[in-house]
Amino acid sequence: MQSLAPSSTISMKSIMRTPTPLPNPHRLAFTIQSAASRFDSAANATNPAVTPAVPSTNNFTPGGVGKNRTDWQSSCAILASKVVSQQQNTEKTGGADNITVVNGHKTLDLVPVEKTPKPLTITDLSPAPMHGSTLRVAYQGVPGAYSEAAAGKAYPECEAIPCDQFEVAFQAVELWIADRAVLPVENSLGGSIHRNYDLLLRHRLHIVGEVQLPVHHCLLALPGVRKEYINRVISHPQALAQCELTLTKLGLNVTREAVDDTAGAAEFVAANNLRDTAAIASARAAELYNLNIIADGIQDDSSNITRFVMLAREPIIPRTDRPFKTSIVFAHDKGTSVLFKVLSAFAFRNISLTKIESRPHRNRPIRLVDDANVGTAKHFEYMFYVDFEASMADVRAQNALAEVQEFTSFLRVLGSYPMDMTPWPPQGKAKL
């Protein structure tokens, strides 16, 4: 194909021309015979004594028609043989299957239809969950982590996809590697997981649900290792903080080191055959990595609950027939003085807040204010995360956010989703 200049205009007619229909060879032979008969009749009428002359090479023009009857018959025979040859080639390459219709005219495809590549669709990249298919859920950690158990509670029979970092779990959903992500946002003892609050603002995923998981910590070590042999305990920083008092009561005044996750600590002890190191993790991690449970239920508070949120690429439709929760984040150019007005918008409509969290404004962490009396003052700028018990389908919530938007310079709804109505406190101890 010839290359086209950038300014060239490409149309359907310039890409595919309509070829002249090829004649039928049988009809062509009949036409040749009829023309020959008329040629003989005309010649005899002009000069009855004249007989057909022997064809001469000088009387035949290449690509044209000869001057006498024999030359003309030879030309027609050559044309008929070409037509038969072209029809046979067409039949070999697919025949009528390769003929398409453009503007009501039959044309021959330059490339057979069955050989053209099929265009990719969104279902090729990530099949949507259907009957019989498995929902793919990303979580941070390795098999045996509490996040894996939360993913299983949120989406039973799902395919759990481990990720080494929280941000990788966000990206797995955005890139269609996973359908959902289940990530922790707060713990009843350790407080908020600030990293995930920052990632919620950085990424464009939506909260579509929440799940509360009881946390049951165990002290794990290699088979045959006794408590007296341990001089180091490793686990996630939150797990170390949640078991600090119990470890002291057990007489384990040893070095405590933080790692990425609880199950990863158990895997590290087993993989490196560390007989002087113990890990704080779940009972499931002990089973997966063939470790012994030295102490069971070592969390300082039995009411140890971690709240996880489920994230998806698209939000769900809010409803009013069941308890819903809505999460928002907002900020204001003039600092934190607007916080009272925002809270009043919810209090006036009798909407209960379940959480309020402040995080530094990364794009503008400090605001400078000139004061003639005391000089230049520095104020820290914050983003505020708020959870309240109402659905976005509720008129009260809609009116409250409309009023909040008047007081703030930035407002974003992170999600409106069903509340986890698991009985509290949970019945018995959940050993995960």
# chains A, B, ... in the order shown; residues from 1 in each chain; ligands from 1

$ residues_around --residues "region 326-335 of chain A" --least-positions-apart "6" --cutoff "7 Å" --atoms "only C-alpha atoms" --output "PyMOL selection string"
chain A and resi 381-391+408-417

$ residues_around --residues "region 235-249 of chain A" --least-positions-apart "4" --cutoff "8 Å" --atoms "only C-alpha atoms" --output "count of residues only"
20

$ atom_distance --atom1 "CA of Ala151 (chain A)" --atom2 "CA of Arg136 (chain A)"
9.7 Å

$ residues_around --residues "region 159-170 of chain A" --least-positions-apart "4" --cutoff "6 Å" --atoms "only C-alpha atoms" --output "ChimeraX atom specification"
/A:135-142

$ write_last_selection --atoms "all heavy atoms" --output "CSV table (one decimal), in the first residue's frame"
chain,number,residue,atom,x,y,z
A,135,LEU,N,-14.9,-14.2,42.1
A,135,LEU,CA,-14.5,-12.8,42.3
A,135,LEU,C,-13.1,-12.7,42.8
A,135,LEU,O,-12.7,-13.5,43.7
A,135,LEU,CB,-15.5,-12.2,43.4
A,135,LEU,CG,-15.4,-10.7,43.5
A,135,LEU,CD1,-16.1,-10.0,42.3
A,135,LEU,CD2,-16.1,-10.3,44.8
A,136,ARG,N,-12.3,-11.9,42.2
A,136,ARG,CA,-10.9,-11.7,42.6
A,136,ARG,C,-10.7,-10.5,43.6
A,136,ARG,O,-11.1,-9.4,43.2
A,136,ARG,CB,-10.0,-11.5,41.4
A,136,ARG,CG,-10.0,-12.7,40.4
A,136,ARG,CD,-9.5,-12.3,39.0
A,136,ARG,NE,-10.3,-11.3,38.4
A,136,ARG,CZ,-10.1,-10.8,37.2
A,136,ARG,NH1,-9.0,-11.1,36.6
A,136,ARG,NH2,-10.9,-9.9,36.7
A,137,VAL,N,-10.2,-10.8,44.7
A,137,VAL,CA,-10.1,-9.8,45.8
A,137,VAL,C,-8.7,-9.6,46.2
A,137,VAL,O,-8.0,-10.6,46.6
A,137,VAL,CB,-11.0,-10.2,47.0
A,137,VAL,CG1,-10.9,-9.1,48.1
A,137,VAL,CG2,-12.4,-10.4,46.6
A,138,ALA,N,-8.1,-8.4,46.1
A,138,ALA,CA,-6.8,-8.1,46.5
A,138,ALA,C,-6.7,-7.7,48.0
A,138,ALA,O,-7.6,-7.0,48.5
A,138,ALA,CB,-6.2,-7.0,45.6
A,139,TYR,N,-5.6,-8.1,48.6
A,139,TYR,CA,-5.4,-7.7,50.0
A,139,TYR,C,-3.9,-7.6,50.2
A,139,TYR,O,-3.1,-8.1,49.5
A,139,TYR,CB,-6.0,-8.8,51.0
A,139,TYR,CG,-5.2,-10.1,51.0
A,139,TYR,CD1,-4.2,-10.4,51.9
A,139,TYR,CD2,-5.5,-11.1,50.0
A,139,TYR,CE1,-3.5,-11.6,51.8
A,139,TYR,CE2,-4.9,-12.3,50.0
A,139,TYR,CZ,-3.9,-12.5,50.9
A,139,TYR,OH,-3.2,-13.7,50.9
A,140,GLN,N,-3.5,-6.9,51.3
A,140,GLN,CA,-2.1,-6.6,51.6
A,140,GLN,C,-1.6,-7.7,52.5
A,140,GLN,O,-2.3,-8.0,53.6
A,140,GLN,CB,-1.9,-5.3,52.2
A,140,GLN,CG,-0.4,-4.9,52.4
A,140,GLN,CD,0.2,-5.4,53.7
A,140,GLN,OE1,-0.5,-5.6,54.7
A,140,GLN,NE2,1.5,-5.7,53.7
A,141,GLY,N,-0.5,-8.4,52.2
A,141,GLY,CA,0.1,-9.4,53.0
A,141,GLY,C,0.3,-10.7,52.3
A,141,GLY,O,0.3,-10.7,51.0
A,142,VAL,N,0.5,-11.8,53.0
A,142,VAL,CA,0.7,-13.1,52.4
A,142,VAL,C,-0.4,-14.0,53.0
A,142,VAL,O,-1.1,-13.6,53.9
A,142,VAL,CB,2.1,-13.6,52.8
A,142,VAL,CG1,3.2,-12.7,52.2
A,142,VAL,CG2,2.3,-13.7,54.3

$ select_by_dssp --residues "region 167-275 of chain A" --states "strand (DSSP E)" --output "JSON, numbers by chain"
{"A": [180, 181, 182, 183, 184, 185, 186, 187, 191, 192, 206, 207, 208, 209, 210, 211, 212, 213, 214, 218, 219, 220, 221, 232, 233, 234, 235, 255, 256, 257, 258]}

$ atom_distance --atom1 "CA of Lys153 (chain A)" --atom2 "CA of Gln212 (chain A)"
9.1 Å

$ atom_distance --atom1 "CA of Gly297 (chain A)" --atom2 "CA of Glu267 (chain A)"
19.5 Å

$ residues_around --residues "region 304-313 of chain A" --least-positions-apart "6" --cutoff "8 Å" --atoms "only C-alpha atoms" --output "JSON, numbers by chain"
{"A": [150, 154, 173, 174, 179, 180, 181, 182, 183, 184, 185, 186, 187, 188, 189, 204, 205, 206, 207, 208, 209, 210, 211, 212, 213, 214, 215, 216]}
